[in-house]
Each structure stands twice: as C-alpha cells, then as structure tokens.
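Enquirer: Submitted below is the structure of interest, expressed as structure tokens.
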Amino acid sequence: MTNSEATLKKAVFFDRDGTLNVDTGYVHDWANFVWIPGAPEAIKLANDRDYLVFVITNQSGIGRGYYSEQAVHTLHDQMNVDLAKIDAHIDGLEFCPHHPKEAQSEYLKSCDCRKPAPGMILALIEKWQIDPVRSLMIGDNDTDVAAAAAANVSGHLFSNGNLRDFLAPLLSD
C-alpha cells in the first residue's frame, strides 16, 4: 500500500428507507421513524471498526412537495441524537430531492445524484478522501447496488433481518 492509499479512509454508505429505518413511505418526521432491527448497532459497529458512516438517500418527497429539505435535515439530526445514546454516529448525509418525471419545477430533472447514479457517493468520496475499494454500500434496492458499482464501491443488498448481523462479516478489522 502506498502512502497516499494509506491516508484514504474506508466508509460504509447506507441507504436510509428500508435499510436503516422501516420504509412506510416518504418518512420525514421522527414520530414516524422506526429503526430496522440492528441498524443502530450496525452503525456503531462501523464506527468502532474505523469506518466513516454515511447515509445516501433519494428523497423525491421533497421534489413532490410532501415535505421540505429542512424536514430531512431535522430527521437526520434526530437520528444522530438517538445514536449518541449508544455512542454511535453518522458522519455525513447526502440526499437527492429530484425526480425526473414527478416533481415541482425546481426539482424536476434527471441528475447525477439520484440513485442509481453515483453522484452522492462520489461527492462523499471526494470530500472525505475515501478509498472506494475499501468501502461498501448497503441498500435494500438494486438501484443502491448499481450506484455503488458505478462509484467502484462494493454494493450489498439487504432484504430483511438484523442489519448488524448482516454487516458484521462484510467489515474488515
């Protein structure tokens, strides 16, 4: 490993709805947020193994006018408040408010950030100096895995069960 490779960090990118929380449709309020079993513990495990932790999520509900960008920020802040109870945290969040066909005019577009495009992952890789080869993406949809592949990150499809148990064998020490 070269010195420049050694300075690059490893990361876990998580999709949100259906991966970290139960997907009840357009979740944007803490009162309707329910963690997937093992999700907080999965984030803590990644923290403890020196992975940066990121959430990347398509949020077309913003573009459709169902809720605001501020509502998403508030919800994600509350996720970190809840995670702090077990000494865990999310390092960063990227979300895409756009939709190519069903959105208000300022959000109506095809973009490079809406999964399966890799824009959110690539932005975090650049900003945080992440090594994509030593990083991974966990999501509940083929678009999550496709976004990961397009960013040269290993993608893993989570369908159900305990997220910590799913993640543990995928992480290096």
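Within each chain, counting starts at residue 1; across the structure tokens, chains are named A, B, ... in the order shown, with ligands numbered 1 upward in that order.
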List as a compact mmCIF listing (two decimals) with C-alpha atoms, in the first residue's frame the protein and nucleic acid residues near Ala123 (chain A), meaning an atom at most 12 Å away when only C-alpha atoms are counted, but skip any in the same chain fewer than 6 places from it.

Expert:
```
# COMPACT_ATOMS: atom_id res chain seq x y z
CA PHE A 54 -22.74 7.96 5.54
CA ILE A 56 -27.24 8.43 0.94
CA GLY A 92 -22.47 12.69 6.86
CA LEU A 93 -25.57 12.65 4.76
CA GLU A 94 -26.35 13.24 1.13
CA PHE A 95 -29.86 13.27 -0.27
CA ASP A 112 -26.27 12.55 -11.34
CA CYS A 113 -27.21 12.31 -7.66
CA ALA A 117 -26.48 7.36 -10.47
CA GLN A 129 -10.89 11.33 0.88
CA ILE A 130 -12.39 7.85 0.87
CA PRO A 132 -13.80 3.27 -2.70
CA ALA A 151 -18.64 4.51 -7.85
```

Enquirer: Write out as a short mmCIF file (atom, residue, chain, number, x, y, z; two decimals) with C-alpha atoms, in the first residue's frame which residues come within 12 Å of Arg114 (chain A) when counting only C-alpha atoms, dropping same-chain ones fewer than 4 positions away.

Expert:
```cif
data_model
loop_
_atom_site.label_atom_id
_atom_site.label_comp_id
_atom_site.auth_asym_id
_atom_site.auth_seq_id
_atom_site.Cartn_x
_atom_site.Cartn_y
_atom_site.Cartn_z
CA ASP A 15 -29.35 3.75 2.07
CA ILE A 56 -27.24 8.43 0.94
CA THR A 57 -30.92 8.61 0.15
CA ASN A 58 -33.27 9.53 -2.66
CA GLN A 59 -35.84 11.93 -1.21
CA SER A 60 -38.26 12.70 -4.03
CA GLY A 63 -39.47 17.49 -5.00
CA GLU A 94 -26.35 13.24 1.13
CA PHE A 95 -29.86 13.27 -0.27
CA CYS A 96 -31.35 13.77 -3.72
CA PRO A 97 -34.59 15.78 -3.81
CA HIS A 98 -35.01 15.41 -7.59
CA HIS A 99 -37.26 13.25 -9.69
CA PRO A 100 -37.12 13.01 -13.49
CA TYR A 107 -36.79 19.61 -8.63
CA LEU A 108 -38.00 18.14 -11.92
CA LYS A 109 -34.86 16.84 -13.59
CA SER A 110 -32.64 13.88 -14.29
CA PRO A 118 -23.38 7.53 -8.23
CA GLY A 119 -23.27 11.29 -7.60
CA MET A 120 -23.95 11.21 -3.85
CA ILE A 121 -21.31 8.54 -3.25
CA LEU A 122 -18.76 10.27 -5.49
CA THR A 143 -30.53 1.00 -7.52
CA ASP A 144 -28.38 1.18 -4.36
CA ALA A 146 -25.94 -0.03 -9.07
CA ALA A 147 -24.91 3.34 -7.59
#
```

Enquirer: Name all residues at most 10 Å from region 36-40 of chain A (count only C-alpha atoms; drop same-chain ones fewer than 4 positions away) and give them as a ChimeraX atom specification.

Expert: /A:14,16-23,44-45,79-80,82-90,160-167

Enquirer: When DSSP works through the backbone of this structure, what residues of chain A end up as strand (DSSP E), shown as a ChimeraX atom specification?

Expert: /A:11-14,52-58,92-96,136-139,154-157

Enquirer: Would you put the residues from that selection into a file with C-alpha atoms, as a compact mmCIF listing (two decimals), in the first residue's frame?

Expert:
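Output file result_22.txt follows:
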```txt
# COMPACT_ATOMS: atom_id res chain seq x y z
CA ALA A 11 -16.53 4.04 4.64
CA VAL A 12 -19.90 2.37 4.84
CA PHE A 13 -22.61 4.04 2.78
CA PHE A 14 -26.13 3.19 3.92
CA LEU A 52 -16.80 6.55 8.26
CA VAL A 53 -20.59 6.19 8.11
CA PHE A 54 -22.74 7.96 5.54
CA VAL A 55 -26.39 7.95 4.61
CA ILE A 56 -27.24 8.43 0.94
CA THR A 57 -30.92 8.61 0.15
CA ASN A 58 -33.27 9.53 -2.66
CA GLY A 92 -22.47 12.69 6.86
CA LEU A 93 -25.57 12.65 4.76
CA GLU A 94 -26.35 13.24 1.13
CA PHE A 95 -29.86 13.27 -0.27
CA CYS A 96 -31.35 13.77 -3.72
CA LEU A 136 -19.06 -0.65 0.87
CA MET A 137 -22.68 0.28 0.30
CA ILE A 138 -25.67 -1.37 1.97
CA GLY A 139 -29.10 -0.86 0.47
CA SER A 154 -18.81 -2.91 -3.21
CA GLY A 155 -22.62 -2.98 -3.05
CA HIS A 156 -24.64 -5.33 -0.86
CA LEU A 157 -28.38 -5.92 -1.00
```

Enquirer: Among region 25-166 of chain A, which residues does DSSP mark as helix (DSSP H, G or I) when it is run on the backbone? Keep the chain and numbering as in the structure and answer as a PyMOL selection string.

Expert: chain A and resi 30-32+39-48+60-63+69-84+105-107+119-128+132-134+142-150+163-166
